[in-house]
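Containing mmCIF, C-alpha atoms and all ligand atoms: structure25.cif.
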data_work
loop_
_atom_site.label_atom_id
_atom_site.label_comp_id
_atom_site.auth_asym_id
_atom_site.auth_seq_id
_atom_site.Cartn_x
_atom_site.Cartn_y
_atom_site.Cartn_z
CA MET A 1 3.84 -8.54 -18.86
CA ILE A 2 4.62 -6.76 -15.61
CA GLU A 3 7.48 -8.07 -13.48
CA PHE A 4 8.10 -7.00 -9.92
CA GLU A 5 11.65 -7.94 -8.99
CA ARG A 6 12.27 -7.83 -5.24
CA VAL A 7 10.78 -4.37 -4.96
CA SER A 8 10.81 -2.60 -1.62
CA LYS A 9 9.48 0.74 -0.50
CA VAL A 10 10.45 2.63 2.61
CA PHE A 11 8.70 5.99 2.77
CA PRO A 12 10.73 8.86 4.24
CA GLY A 13 10.42 8.70 7.99
CA GLY A 14 8.06 5.75 7.73
CA ALA A 15 8.01 2.03 8.15
CA THR A 16 8.62 -0.39 5.33
CA ALA A 17 5.49 -0.36 3.18
CA VAL A 18 6.74 -3.14 0.89
CA HIS A 19 9.56 -5.57 1.49
CA GLU A 20 11.12 -7.46 -1.43
CA PHE A 21 7.96 -8.22 -3.37
CA SER A 22 8.42 -10.38 -6.46
CA TYR A 23 5.66 -11.37 -8.83
CA THR A 24 5.10 -11.65 -12.58
CA ILE A 25 1.82 -10.69 -14.19
CA PRO A 26 1.57 -12.33 -17.60
CA SER A 27 0.15 -10.34 -20.49
CA HIS A 28 -3.63 -10.38 -20.89
CA ARG A 29 -4.11 -11.69 -17.36
CA ALA A 30 -6.24 -10.14 -14.61
CA VAL A 31 -4.34 -10.29 -11.33
CA VAL A 32 -5.80 -9.03 -8.06
CA LEU A 33 -3.81 -7.90 -5.05
CA VAL A 34 -5.94 -8.40 -1.96
CA GLY A 35 -5.01 -7.61 1.61
CA SER A 36 -6.04 -5.57 4.56
CA SER A 37 -5.50 -1.86 4.86
CA GLY A 38 -1.87 -0.86 4.82
CA SER A 39 -0.57 -4.11 3.32
CA GLY A 40 1.08 -2.18 0.50
CA LYS A 41 -1.34 -2.80 -2.36
CA THR A 42 -1.60 0.76 -3.60
CA THR A 43 2.13 1.30 -3.18
CA LEU A 44 2.84 -1.73 -5.38
CA MET A 45 0.35 -0.64 -8.02
CA ARG A 46 1.77 2.88 -8.17
CA MET A 47 5.24 1.53 -8.79
CA VAL A 48 4.02 0.32 -12.19
CA ASN A 49 3.28 3.82 -13.48
CA ARG A 50 6.06 5.47 -11.45
CA MET A 51 3.79 7.37 -9.11
CA VAL A 52 5.91 5.66 -6.44
CA GLU A 53 9.59 4.91 -7.03
CA PRO A 54 10.87 1.75 -5.34
CA SER A 55 13.59 2.08 -2.69
CA GLY A 56 14.98 -1.23 -3.94
CA GLY A 57 14.38 -3.71 -6.72
CA ARG A 58 12.75 -2.88 -10.04
CA VAL A 59 9.56 -3.09 -12.06
CA LEU A 60 9.72 -4.18 -15.69
CA ILE A 61 7.06 -3.84 -18.35
CA ASP A 62 7.62 -6.19 -21.27
CA GLY A 63 11.22 -6.54 -20.14
CA GLU A 64 11.94 -2.82 -19.84
CA ASP A 65 12.70 -1.17 -16.50
CA VAL A 66 10.02 1.49 -15.96
CA ARG A 67 12.75 3.83 -14.68
CA ASP A 68 14.07 3.97 -18.24
CA ARG A 69 10.73 5.31 -19.45
CA ASN A 70 9.69 8.94 -19.37
CA ALA A 71 7.27 9.07 -16.44
CA VAL A 72 4.65 11.20 -18.22
CA ASP A 73 4.66 9.04 -21.35
CA LEU A 74 4.53 5.93 -19.21
CA ARG A 75 1.48 7.18 -17.28
CA ARG A 76 -0.35 8.12 -20.45
CA SER A 77 0.28 4.65 -21.85
CA ILE A 78 -1.29 2.89 -18.86
CA GLY A 79 -4.98 3.02 -17.94
CA TYR A 80 -5.59 3.97 -14.32
CA VAL A 81 -8.95 3.74 -12.56
CA LEU A 82 -9.33 5.16 -9.07
CA GLN A 83 -11.93 4.62 -6.37
CA GLN A 84 -13.40 8.11 -6.68
CA GLY A 85 -13.37 8.14 -10.46
CA GLY A 86 -10.84 10.97 -10.54
CA LEU A 87 -12.87 12.82 -13.17
CA LEU A 88 -12.23 16.48 -13.82
CA PRO A 89 -15.37 18.23 -12.49
CA HIS A 90 -15.37 21.20 -14.86
CA ARG A 91 -15.10 19.14 -18.01
CA THR A 92 -17.88 17.24 -19.69
CA VAL A 93 -17.89 13.47 -19.52
CA ALA A 94 -16.84 13.25 -23.19
CA ASP A 95 -13.94 15.65 -22.61
CA ASN A 96 -12.88 13.65 -19.57
CA VAL A 97 -12.77 10.48 -21.64
CA ALA A 98 -10.93 12.31 -24.44
CA THR A 99 -8.26 13.82 -22.15
CA VAL A 100 -5.33 11.51 -22.83
CA PRO A 101 -5.93 11.03 -26.59
CA VAL A 102 -6.03 14.84 -27.00
CA LEU A 103 -2.81 15.19 -24.98
CA THR A 104 -1.14 12.64 -27.20
CA GLY A 105 -2.11 14.32 -30.45
CA THR A 106 -5.55 13.07 -31.47
CA SER A 107 -7.79 15.89 -32.69
CA ARG A 108 -10.48 16.99 -30.23
CA ARG A 109 -13.23 16.14 -32.70
CA GLU A 110 -11.91 12.63 -33.29
CA ALA A 111 -11.28 12.06 -29.58
CA ARG A 112 -14.83 13.13 -28.70
CA ARG A 113 -16.25 10.83 -31.37
CA ALA A 114 -14.21 7.95 -29.96
CA ALA A 115 -15.38 8.90 -26.46
CA GLY A 116 -18.98 8.20 -27.48
CA ALA A 117 -18.04 4.71 -28.61
CA LEU A 118 -16.12 4.12 -25.39
CA LEU A 119 -19.08 5.20 -23.28
CA GLU A 120 -21.19 2.65 -25.13
CA ARG A 121 -18.53 0.03 -24.57
CA VAL A 122 -18.78 0.48 -20.79
CA GLY A 123 -22.57 0.32 -20.92
CA LEU A 124 -23.44 4.04 -20.90
CA ASP A 125 -25.64 6.06 -23.23
CA PRO A 126 -23.25 8.19 -25.34
CA ALA A 127 -25.63 11.12 -24.79
CA LEU A 128 -24.26 11.30 -21.24
CA GLY A 129 -21.07 12.63 -22.80
CA ASP A 130 -22.48 16.16 -22.70
CA ARG A 131 -23.07 16.08 -18.95
CA TYR A 132 -20.68 16.99 -16.19
CA PRO A 133 -19.47 14.33 -13.75
CA ALA A 134 -21.59 15.69 -10.88
CA GLN A 135 -24.68 15.03 -13.00
CA LEU A 136 -24.00 11.28 -13.02
CA SER A 137 -24.55 8.64 -10.36
CA GLY A 138 -21.54 7.15 -8.56
CA GLY A 139 -21.80 3.96 -10.61
CA GLN A 140 -22.00 5.92 -13.87
CA GLN A 141 -18.96 7.96 -12.84
CA GLN A 142 -17.01 4.78 -12.26
CA ARG A 143 -17.96 3.55 -15.72
CA VAL A 144 -16.73 6.84 -17.16
CA GLY A 145 -13.50 6.28 -15.21
CA VAL A 146 -13.11 2.91 -16.93
CA ALA A 147 -13.92 4.45 -20.35
CA ARG A 148 -11.31 7.14 -19.76
CA ALA A 149 -8.72 4.56 -18.76
CA LEU A 150 -9.42 2.64 -21.98
CA ALA A 151 -9.30 5.74 -24.21
CA SER A 152 -5.66 5.43 -25.21
CA ASP A 153 -6.12 1.69 -25.82
CA PRO A 154 -3.52 0.78 -23.18
CA ASN A 155 -2.17 -2.73 -22.81
CA ILE A 156 -2.22 -2.34 -19.04
CA LEU A 157 -5.06 -1.28 -16.75
CA LEU A 158 -4.38 -0.42 -13.12
CA MET A 159 -7.52 -0.46 -11.01
CA ASP A 160 -7.27 0.74 -7.40
CA GLU A 161 -10.43 -0.20 -5.46
CA PRO A 162 -12.38 1.02 -8.50
CA PHE A 163 -15.76 -0.09 -7.16
CA GLY A 164 -15.12 0.61 -3.48
CA ALA A 165 -17.28 3.71 -3.21
CA VAL A 166 -20.51 2.45 -4.75
CA ASP A 167 -23.35 0.51 -3.15
CA PRO A 168 -23.26 -3.31 -3.25
CA ILE A 169 -25.81 -3.74 -6.04
CA VAL A 170 -24.14 -1.25 -8.37
CA ARG A 171 -20.83 -2.78 -7.39
CA ARG A 172 -21.97 -6.19 -8.61
CA ASP A 173 -23.09 -4.65 -11.92
CA LEU A 174 -19.73 -2.98 -12.37
CA GLN A 175 -17.88 -6.19 -11.57
CA GLN A 176 -19.89 -8.10 -14.17
CA GLU A 177 -19.28 -5.33 -16.68
CA LEU A 178 -15.55 -5.54 -16.08
CA LEU A 179 -15.59 -9.31 -16.58
CA ARG A 180 -17.45 -8.83 -19.86
CA LEU A 181 -15.03 -6.13 -20.99
CA GLN A 182 -12.03 -8.23 -20.07
CA ALA A 183 -13.39 -11.18 -22.04
CA GLU A 184 -13.58 -8.83 -25.06
CA LEU A 185 -10.39 -6.84 -24.59
CA GLY A 186 -7.93 -9.15 -22.82
CA LYS A 187 -5.97 -6.36 -21.11
CA THR A 188 -3.24 -6.96 -18.57
CA ILE A 189 -5.06 -5.90 -15.42
CA LEU A 190 -3.64 -5.22 -11.98
CA PHE A 191 -6.59 -4.77 -9.64
CA VAL A 192 -6.40 -3.85 -5.96
CA THR A 193 -9.11 -4.53 -3.42
CA HIS A 194 -9.55 -5.47 0.20
CA ASP A 195 -12.74 -7.40 -0.65
CA VAL A 196 -12.08 -11.13 -0.88
CA ASP A 197 -15.25 -11.90 -2.82
CA GLU A 198 -14.35 -9.26 -5.39
CA ALA A 199 -10.80 -10.59 -5.62
CA PHE A 200 -11.98 -14.11 -6.38
CA LEU A 201 -14.55 -12.90 -8.88
CA ILE A 202 -12.26 -10.63 -10.89
CA GLY A 203 -8.88 -12.30 -10.50
CA GLU A 204 -7.64 -15.04 -12.77
CA GLU A 205 -4.78 -14.98 -10.29
CA VAL A 206 -5.03 -13.60 -6.77
CA VAL A 207 -2.17 -12.48 -4.54
CA VAL A 208 -3.04 -12.40 -0.84
CA LEU A 209 -0.83 -9.87 0.92
CA GLU A 210 0.20 -9.57 4.52
CA ALA A 211 1.68 -6.42 6.03
CA GLY A 212 4.72 -5.14 4.18
CA GLY A 213 3.54 -6.52 0.86
CA ARG A 214 4.55 -10.03 1.87
CA ILE A 215 2.85 -12.69 -0.23
CA ALA A 216 0.85 -14.98 2.02
CA GLN A 217 -0.33 -16.99 -0.98
CA SER A 218 -0.79 -16.54 -4.70
CA GLY A 219 -2.61 -18.64 -7.23
CA THR A 220 -5.93 -19.09 -8.94
CA PRO A 221 -9.02 -18.51 -6.82
CA ALA A 222 -9.62 -22.26 -6.88
CA GLU A 223 -6.14 -23.00 -5.56
CA ILE A 224 -6.41 -20.48 -2.75
CA LEU A 225 -9.96 -21.37 -1.80
CA GLY A 226 -9.32 -25.07 -2.18
CA SER A 227 -6.11 -25.18 -0.15
CA PRO A 228 -5.25 -22.08 1.85
CA ALA A 229 -1.50 -22.05 2.48
CA ASN A 230 -1.72 -21.17 6.17
CA ASP A 231 -3.93 -19.88 8.95
CA PHE A 232 -3.51 -16.28 7.83
CA VAL A 233 -4.96 -17.07 4.41
CA ARG A 234 -7.64 -19.33 5.87
CA ASP A 235 -8.73 -16.54 8.19
CA PHE A 236 -8.51 -13.89 5.52
CA VAL A 237 -10.56 -15.88 3.04
CA GLY A 238 -13.13 -16.91 5.58
CA ALA A 239 -12.85 -14.63 8.59
CA ASP A 240 -15.88 -12.76 9.86
CA ARG A 241 -18.01 -14.29 7.21
CA GLY A 242 -20.09 -16.65 9.29
CA GLU A 243 -22.49 -18.26 6.89
CA ARG A 244 -20.85 -16.47 3.96
CA ARG A 245 -17.68 -18.57 4.23
CA LEU A 246 -16.67 -19.50 0.71
CA HIS A 247 -15.92 -22.93 -0.59
CA VAL A 248 -15.43 -24.61 -3.95
CA VAL A 249 -17.88 -26.97 -5.63
CA GLU A 250 -17.72 -28.85 -8.91
CA ASN A 251 -20.72 -28.33 -11.11
CA GLY A 252 -21.00 -29.75 -14.62
CA GLY A 253 -17.22 -29.71 -15.08
CA GLN A 254 -16.95 -26.15 -13.78
CA ARG A 255 -15.48 -25.13 -10.47
CA LEU A 256 -17.60 -22.60 -8.68
CA ALA A 257 -16.94 -20.59 -5.57
CA VAL A 258 -20.10 -20.66 -3.47
CA ASP A 259 -21.03 -19.25 -0.12
CA ALA A 260 -22.38 -21.36 2.71
CA ALA A 261 -25.92 -20.99 1.43
CA GLY A 262 -24.81 -22.47 -1.89
CA ARG A 263 -25.02 -19.17 -3.76
CA PRO A 264 -22.35 -18.98 -6.45
CA VAL A 265 -20.05 -16.00 -6.00
CA GLY A 266 -17.75 -16.77 -8.88
CA VAL A 267 -16.74 -19.18 -11.60
CA LEU A 268 -13.25 -20.56 -11.07
CA GLY A 269 -12.80 -22.16 -14.45
CA GLN A 270 -12.74 -25.74 -15.67
N1 LIG B 301 3.29 8.72 0.79
C1 LIG B 301 3.44 7.98 1.91
N2 LIG B 301 4.24 8.40 2.91
C2 LIG B 301 4.42 7.66 4.01
N3 LIG B 301 3.85 6.45 4.21
C3 LIG B 301 3.04 5.97 3.25
C4 LIG B 301 2.79 6.71 2.05
N4 LIG B 301 1.95 5.98 1.27
C5 LIG B 301 1.69 4.85 1.97
N5 LIG B 301 2.34 4.84 3.15
C6 LIG B 301 2.32 3.77 4.15
O1 LIG B 301 2.71 2.56 3.51
C7 LIG B 301 1.92 1.47 3.96
C8 LIG B 301 1.23 0.81 2.77
O2 LIG B 301 0.29 1.72 2.23
P1 LIG B 301 -0.61 1.37 0.96
O3 LIG B 301 -1.46 2.55 0.66
O4 LIG B 301 0.24 0.83 -0.12
O5 LIG B 301 -1.50 0.17 1.53
P2 LIG B 301 -2.84 -0.44 0.96
O6 LIG B 301 -2.72 -1.92 1.14
O7 LIG B 301 -3.13 0.06 -0.40
O8 LIG B 301 -3.91 0.11 1.99
P3 LIG B 301 -5.42 0.62 1.78
O9 LIG B 301 -6.24 -0.60 1.49
O10 LIG B 301 -5.75 1.24 3.10
O11 LIG B 301 -5.40 1.62 0.66
C9 LIG B 301 0.96 2.04 5.00
O12 LIG B 301 1.51 1.82 6.26
C10 LIG B 301 0.92 3.51 4.66
O13 LIG B 301 0.67 4.29 5.81
#
Translate the structure described by the file into structure tokens.
Amino acid sequence: MIEFERVSKVFPGGATAVHEFSYTIPSHRAVVLVGSSGSGKTTLMRMVNRMVEPSGGRVLIDGEDVRDRNAVDLRRSIGYVLQQGGLLPHRTVADNVATVPVLTGTSRREARRAAGALLERVGLDPALGDRYPAQLSGGQQQRVGVARALASDPNILLMDEPFGAVDPIVRRDLQQELLRLQAELGKTILFVTHDVDEAFLIGEEVVVLEAGGRIAQSGTPAEILGSPANDFVRDFVGADRGERRLHVVENGGQRLAVDAAGRPVGVLGQ
């Protein structure tokens, strides 16, 4: 469980990036922060692994203030997936995946063996482990990024626009892969995106942010789609979408998010 308790962040010489944000992410839940550029999503995410220290308030993991944790140990215990993969270019894929386990005492041989299994888990041929990141496609690199984040078997995965840099078709594959993985692994996931469709697909809960990390609305995709709290949310969920405007339909006891052409874009649960 991750608890944000009235956290704020004022960067030196800057405006307030986040103002008194409070939210609790239950264990094993996938929660998506969605909002336009500069709404404070990345700042909030980085407070969890202490890459950003709050100016006020606190972040707790399983009841413990992250400030009481050693920052390096904390970071190694949390999976972190970045938009550009963040892979080390001069190390093989297998060594990239094995980085944290080796740092925390697993033998290189054992960590490389485990890396092969992790590559398979994210849908890659383990033989790719001998390549260098530049020899993989963007989508494959993102999968390696996910494998690396899973390597220390963390309870928490932070995912910052992880599929933002790949083309739409690969992006859909990666999203489906993440849903499949989450069904298997049940991690506590904090996922950041500015893409509403992605937020509603991945998030069991979605937090719509306005500037300054203010919560415009939070809830399940069905709740937000079904009854937007205000004009801001209504616009954000539907703006500029024309015929792609999302709505909710009931289908055989399931609630589906569909676009205006009736194409399902996500299952919202029972
Ligand atoms: N290190 C920093 N120093 C000063 N200001 C910062 C710093 N990091 C972020 N900010 C500012 O804080 C605000 C929130 O930034 P943040 O990156 O959290 O937003 P975001 O919602 O993740 O945006 P994006 O979708 O563009 O990544 C922005 O106004 C940004 O310019």
Inset, instruction - Select, from A:Thr106, A:Leu185, A:Phe4, A:Thr43, the residue with the minimum atom-to-atom distance to Glu64 in chain A, counting all atoms listed in the file. - result: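 Closest to Glu64 in chain A, using all atoms listed in the file: A:Phe4.
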Legend entry - Val170 in chain A surroundings by only C-alpha atoms, 9 Å radius, close-in-sequence under 6 positions cut, as a ChimeraX atom specification: /A:138-139,163
Inset, instruction - Counting all atoms listed in the file, figure out which residue out of A:Ser37, A:Thr104, A:Ser8, A:Thr24 gets nearest to ligand LIG 301 (chain B). - result: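 Using all atoms listed in the file, ligand LIG 301 (chain B) sits closest to A:Ser37.
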Legend entry - Residue nearest Asp235 in chain A - candidates A:Val166, A:Arg172, A:Pro101, A:Ser36, atoms counted: only C-alpha atoms: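 Distance minimum relative to Asp235 in chain A lands on A:Ser36.
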Distance limit 8 Å, reference ligand LIG 301 (chain B), atoms considered: all atoms listed in the file. Which residues make the cut? Give them as a PDB file with C-alpha atoms, keeping the file's coordinate frame.
ATOM      1  CA  VAL A  10      10.450   2.630   2.610  1.00  0.00           C
ATOM      2  CA  PHE A  11       8.700   5.990   2.770  1.00  0.00           C
ATOM      3  CA  PRO A  12      10.730   8.860   4.240  1.00  0.00           C
ATOM      4  CA  GLY A  13      10.420   8.700   7.990  1.00  0.00           C
ATOM      5  CA  GLY A  14       8.060   5.750   7.730  1.00  0.00           C
ATOM      6  CA  ALA A  15       8.010   2.030   8.150  1.00  0.00           C
ATOM      7  CA  THR A  16       8.620  -0.390   5.330  1.00  0.00           C
ATOM      8  CA  ALA A  17       5.490  -0.360   3.180  1.00  0.00           C
ATOM      9  CA  VAL A  18       6.740  -3.140   0.890  1.00  0.00           C
ATOM     10  CA  VAL A  34      -5.940  -8.400  -1.960  1.00  0.00           C
ATOM     11  CA  GLY A  35      -5.010  -7.610   1.610  1.00  0.00           C
ATOM     12  CA  SER A  36      -6.040  -5.570   4.560  1.00  0.00           C
ATOM     13  CA  SER A  37      -5.500  -1.860   4.860  1.00  0.00           C
ATOM     14  CA  GLY A  38      -1.870  -0.860   4.820  1.00  0.00           C
ATOM     15  CA  SER A  39      -0.570  -4.110   3.320  1.00  0.00           C
ATOM     16  CA  GLY A  40       1.080  -2.180   0.500  1.00  0.00           C
ATOM     17  CA  LYS A  41      -1.340  -2.800  -2.360  1.00  0.00           C
ATOM     18  CA  THR A  42      -1.600   0.760  -3.600  1.00  0.00           C
ATOM     19  CA  THR A  43       2.130   1.300  -3.180  1.00  0.00           C
ATOM     20  CA  LEU A  44       2.840  -1.730  -5.380  1.00  0.00           C
ATOM     21  CA  VAL A 192      -6.400  -3.850  -5.960  1.00  0.00           C
ATOM     22  CA  THR A 193      -9.110  -4.530  -3.420  1.00  0.00           C
ATOM     23  CA  HIS A 194      -9.550  -5.470   0.200  1.00  0.00           C
ATOM     24  CA  ALA A 211       1.680  -6.420   6.030  1.00  0.00           C
ATOM     25  CA  GLY A 212       4.720  -5.140   4.180  1.00  0.00           C
ATOM     26  CA  GLY A 213       3.540  -6.520   0.860  1.00  0.00           C
TER      27      GLY A 213
END
Inset, instruction - Determine, counting only C-alpha atoms, every residue of protein, DNA or RNA that lies within 10 Å of (14.8, 1.7, -14.0) in the file coordinates, then give the result as a list in words. - result: Arg50, Glu53, Pro54, Gly57, Arg58, Val59, Leu60, Glu64, Asp65, Val66, Arg67, Asp68 and Arg69 of chain A
Those residues with C-alpha atoms, as a compact mmCIF listing (two decimals), in the coordinates of the input please?
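To be explicit, this is the file written out as selection31.txt:
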# COMPACT_ATOMS: atom_id res chain seq x y z
CA ARG A 50 6.06 5.47 -11.45
CA GLU A 53 9.59 4.91 -7.03
CA PRO A 54 10.87 1.75 -5.34
CA GLY A 57 14.38 -3.71 -6.72
CA ARG A 58 12.75 -2.88 -10.04
CA VAL A 59 9.56 -3.09 -12.06
CA LEU A 60 9.72 -4.18 -15.69
CA GLU A 64 11.94 -2.82 -19.84
CA ASP A 65 12.70 -1.17 -16.50
CA VAL A 66 10.02 1.49 -15.96
CA ARG A 67 12.75 3.83 -14.68
CA ASP A 68 14.07 3.97 -18.24
CA ARG A 69 10.73 5.31 -19.45
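If you look at CA of Asn49 in chain A and CA of Val237 in chain A, they are 29.2 Å away from each other.
Ranking A:Leu74, A:Val7, A:Ile215, A:Leu82 by their shortest atom-to-atom distance to Ser55 in chain A, with all atoms listed in the file included, puts A:Val7 first.
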Legend entry - Distance in Å - CA of Val206 in chain A versus CA of Arg121 in chain A: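 Computing it gives 26.2 Å between the two atoms.
CA of Phe21 in chain A sits 6.5 Å away from CA of Arg214 in chain A.
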Quick one: residues within 8 Å of Ala165 in chain A, all atoms listed in the file, excluding same-chain residues fewer than 3 positions away - as an mmCIF file with C-alpha atoms, keeping the file's coordinate frame?
data_model
loop_
_atom_site.group_PDB
_atom_site.id
_atom_site.type_symbol
_atom_site.label_atom_id
_atom_site.label_comp_id
_atom_site.auth_asym_id
_atom_site.auth_seq_id
_atom_site.Cartn_x
_atom_site.Cartn_y
_atom_site.Cartn_z
ATOM 1 C CA GLN A 83 -11.930 4.620 -6.370
ATOM 2 C CA GLN A 84 -13.400 8.110 -6.680
ATOM 3 C CA GLY A 138 -21.540 7.150 -8.560
ATOM 4 C CA PRO A 162 -12.380 1.020 -8.500
#
Mind checking which residues fall within 12 Å of Leu150 in chain A, counting all atoms listed in the file, ignoring those fewer than 2 positions away in the same chain, and posting them as a PDB file with C-alpha atoms, keeping the file's coordinate frame?
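And here is the file that came out, result_4.pdb:
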ATOM      1  CA  ARG A  76      -0.350   8.120 -20.450  1.00  0.00           C
ATOM      2  CA  SER A  77       0.280   4.650 -21.850  1.00  0.00           C
ATOM      3  CA  ILE A  78      -1.290   2.890 -18.860  1.00  0.00           C
ATOM      4  CA  GLY A  79      -4.980   3.020 -17.940  1.00  0.00           C
ATOM      5  CA  TYR A  80      -5.590   3.970 -14.320  1.00  0.00           C
ATOM      6  CA  VAL A  81      -8.950   3.740 -12.560  1.00  0.00           C
ATOM      7  CA  ASN A  96     -12.880  13.650 -19.570  1.00  0.00           C
ATOM      8  CA  VAL A  97     -12.770  10.480 -21.640  1.00  0.00           C
ATOM      9  CA  ALA A  98     -10.930  12.310 -24.440  1.00  0.00           C
ATOM     10  CA  THR A  99      -8.260  13.820 -22.150  1.00  0.00           C
ATOM     11  CA  VAL A 100      -5.330  11.510 -22.830  1.00  0.00           C
ATOM     12  CA  PRO A 101      -5.930  11.030 -26.590  1.00  0.00           C
ATOM     13  CA  ALA A 114     -14.210   7.950 -29.960  1.00  0.00           C
ATOM     14  CA  ALA A 115     -15.380   8.900 -26.460  1.00  0.00           C
ATOM     15  CA  ALA A 117     -18.040   4.710 -28.610  1.00  0.00           C
ATOM     16  CA  LEU A 118     -16.120   4.120 -25.390  1.00  0.00           C
ATOM     17  CA  LEU A 119     -19.080   5.200 -23.280  1.00  0.00           C
ATOM     18  CA  ARG A 121     -18.530   0.030 -24.570  1.00  0.00           C
ATOM     19  CA  VAL A 122     -18.780   0.480 -20.790  1.00  0.00           C
ATOM     20  CA  ARG A 143     -17.960   3.550 -15.720  1.00  0.00           C
ATOM     21  CA  VAL A 144     -16.730   6.840 -17.160  1.00  0.00           C
ATOM     22  CA  GLY A 145     -13.500   6.280 -15.210  1.00  0.00           C
ATOM     23  CA  VAL A 146     -13.110   2.910 -16.930  1.00  0.00           C
ATOM     24  CA  ALA A 147     -13.920   4.450 -20.350  1.00  0.00           C
ATOM     25  CA  ARG A 148     -11.310   7.140 -19.760  1.00  0.00           C
ATOM     26  CA  SER A 152      -5.660   5.430 -25.210  1.00  0.00           C
ATOM     27  CA  ASP A 153      -6.120   1.690 -25.820  1.00  0.00           C
ATOM     28  CA  PRO A 154      -3.520   0.780 -23.180  1.00  0.00           C
ATOM     29  CA  ASN A 155      -2.170  -2.730 -22.810  1.00  0.00           C
ATOM     30  CA  ILE A 156      -2.220  -2.340 -19.040  1.00  0.00           C
ATOM     31  CA  LEU A 157      -5.060  -1.280 -16.750  1.00  0.00           C
ATOM     32  CA  LEU A 158      -4.380  -0.420 -13.120  1.00  0.00           C
ATOM     33  CA  MET A 159      -7.520  -0.460 -11.010  1.00  0.00           C
ATOM     34  CA  LEU A 178     -15.550  -5.540 -16.080  1.00  0.00           C
ATOM     35  CA  LEU A 181     -15.030  -6.130 -20.990  1.00  0.00           C
ATOM     36  CA  GLN A 182     -12.030  -8.230 -20.070  1.00  0.00           C
ATOM     37  CA  LEU A 185     -10.390  -6.840 -24.590  1.00  0.00           C
ATOM     38  CA  GLY A 186      -7.930  -9.150 -22.820  1.00  0.00           C
ATOM     39  CA  LYS A 187      -5.970  -6.360 -21.110  1.00  0.00           C
ATOM     40  CA  THR A 188      -3.240  -6.960 -18.570  1.00  0.00           C
ATOM     41  CA  ILE A 189      -5.060  -5.900 -15.420  1.00  0.00           C
TER      42      ILE A 189
END
Legend entry - Among the residues A:His19, A:Lys9, A:Arg29, A:Arg113, the one that comes closest to Glu210 in chain A [using all atoms listed in the file]: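 Closest to Glu210 in chain A, using all atoms listed in the file: A:His19.
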Legend entry - Who sits within 9 Å of Val32 in chain A, all atoms listed in the file, same chain under 5 positions skipped, as a ChimeraX atom specification: /A:189-193,198-200,202-208
Legend entry - Spatial neighbours of Gln141 in chain A, max dist 9 Å, only C-alpha atoms, sep filter under 6 positions, as a list of chain:residue names: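 So the residues in contact are A:Gln84, A:Gly85, A:Gly86, A:Leu87, A:Val93, A:Pro133, A:Ala134.
Comparing A:Met47, A:Leu136, A:Ala222, A:Val248 by their smallest distance to Pro89 in chain A, the closest is A:Leu136 (using all atoms listed in the file).
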Using only the atoms of range 45-48 of chain A listed in the file, plus 6 Å on each side, state the axis-aligned box centre and edge lengths in Å rounded to one decimal, as lines of an AutoDock Vina configuration file.
center_x = 2.8
center_y = 1.1
center_z = -10.1
size_x = 16.9
size_y = 15.5
size_z = 16.2
Could you model N, CA and C atoms for range 118-128 of chain A and present them as a compact mmCIF listing (two decimals), in the frame of the given file?
# COMPACT_ATOMS: atom_id res chain seq x y z
N LEU A 118 -16.63 4.70 -26.64
CA LEU A 118 -16.12 4.12 -25.39
C LEU A 118 -17.20 4.11 -24.31
N LEU A 119 -18.00 5.17 -24.27
CA LEU A 119 -19.08 5.20 -23.28
C LEU A 119 -20.04 4.04 -23.53
N GLU A 120 -20.33 3.79 -24.81
CA GLU A 120 -21.19 2.65 -25.13
C GLU A 120 -20.55 1.35 -24.69
N ARG A 121 -19.26 1.26 -24.90
CA ARG A 121 -18.53 0.03 -24.57
C ARG A 121 -18.63 -0.31 -23.08
N VAL A 122 -18.67 0.73 -22.23
CA VAL A 122 -18.78 0.48 -20.79
C VAL A 122 -20.24 0.53 -20.32
N GLY A 123 -21.16 0.47 -21.28
CA GLY A 123 -22.57 0.32 -20.92
C GLY A 123 -23.30 1.62 -20.62
N LEU A 124 -22.78 2.74 -21.13
CA LEU A 124 -23.44 4.04 -20.90
C LEU A 124 -24.00 4.58 -22.21
N ASP A 125 -25.07 5.36 -22.09
CA ASP A 125 -25.64 6.06 -23.23
C ASP A 125 -24.66 7.16 -23.64
N PRO A 126 -24.21 7.17 -24.91
CA PRO A 126 -23.25 8.19 -25.34
C PRO A 126 -23.75 9.62 -25.12
N ALA A 127 -25.08 9.78 -25.03
CA ALA A 127 -25.63 11.12 -24.79
C ALA A 127 -25.16 11.69 -23.45
N LEU A 128 -24.76 10.81 -22.53
CA LEU A 128 -24.26 11.30 -21.24
C LEU A 128 -22.94 12.06 -21.39
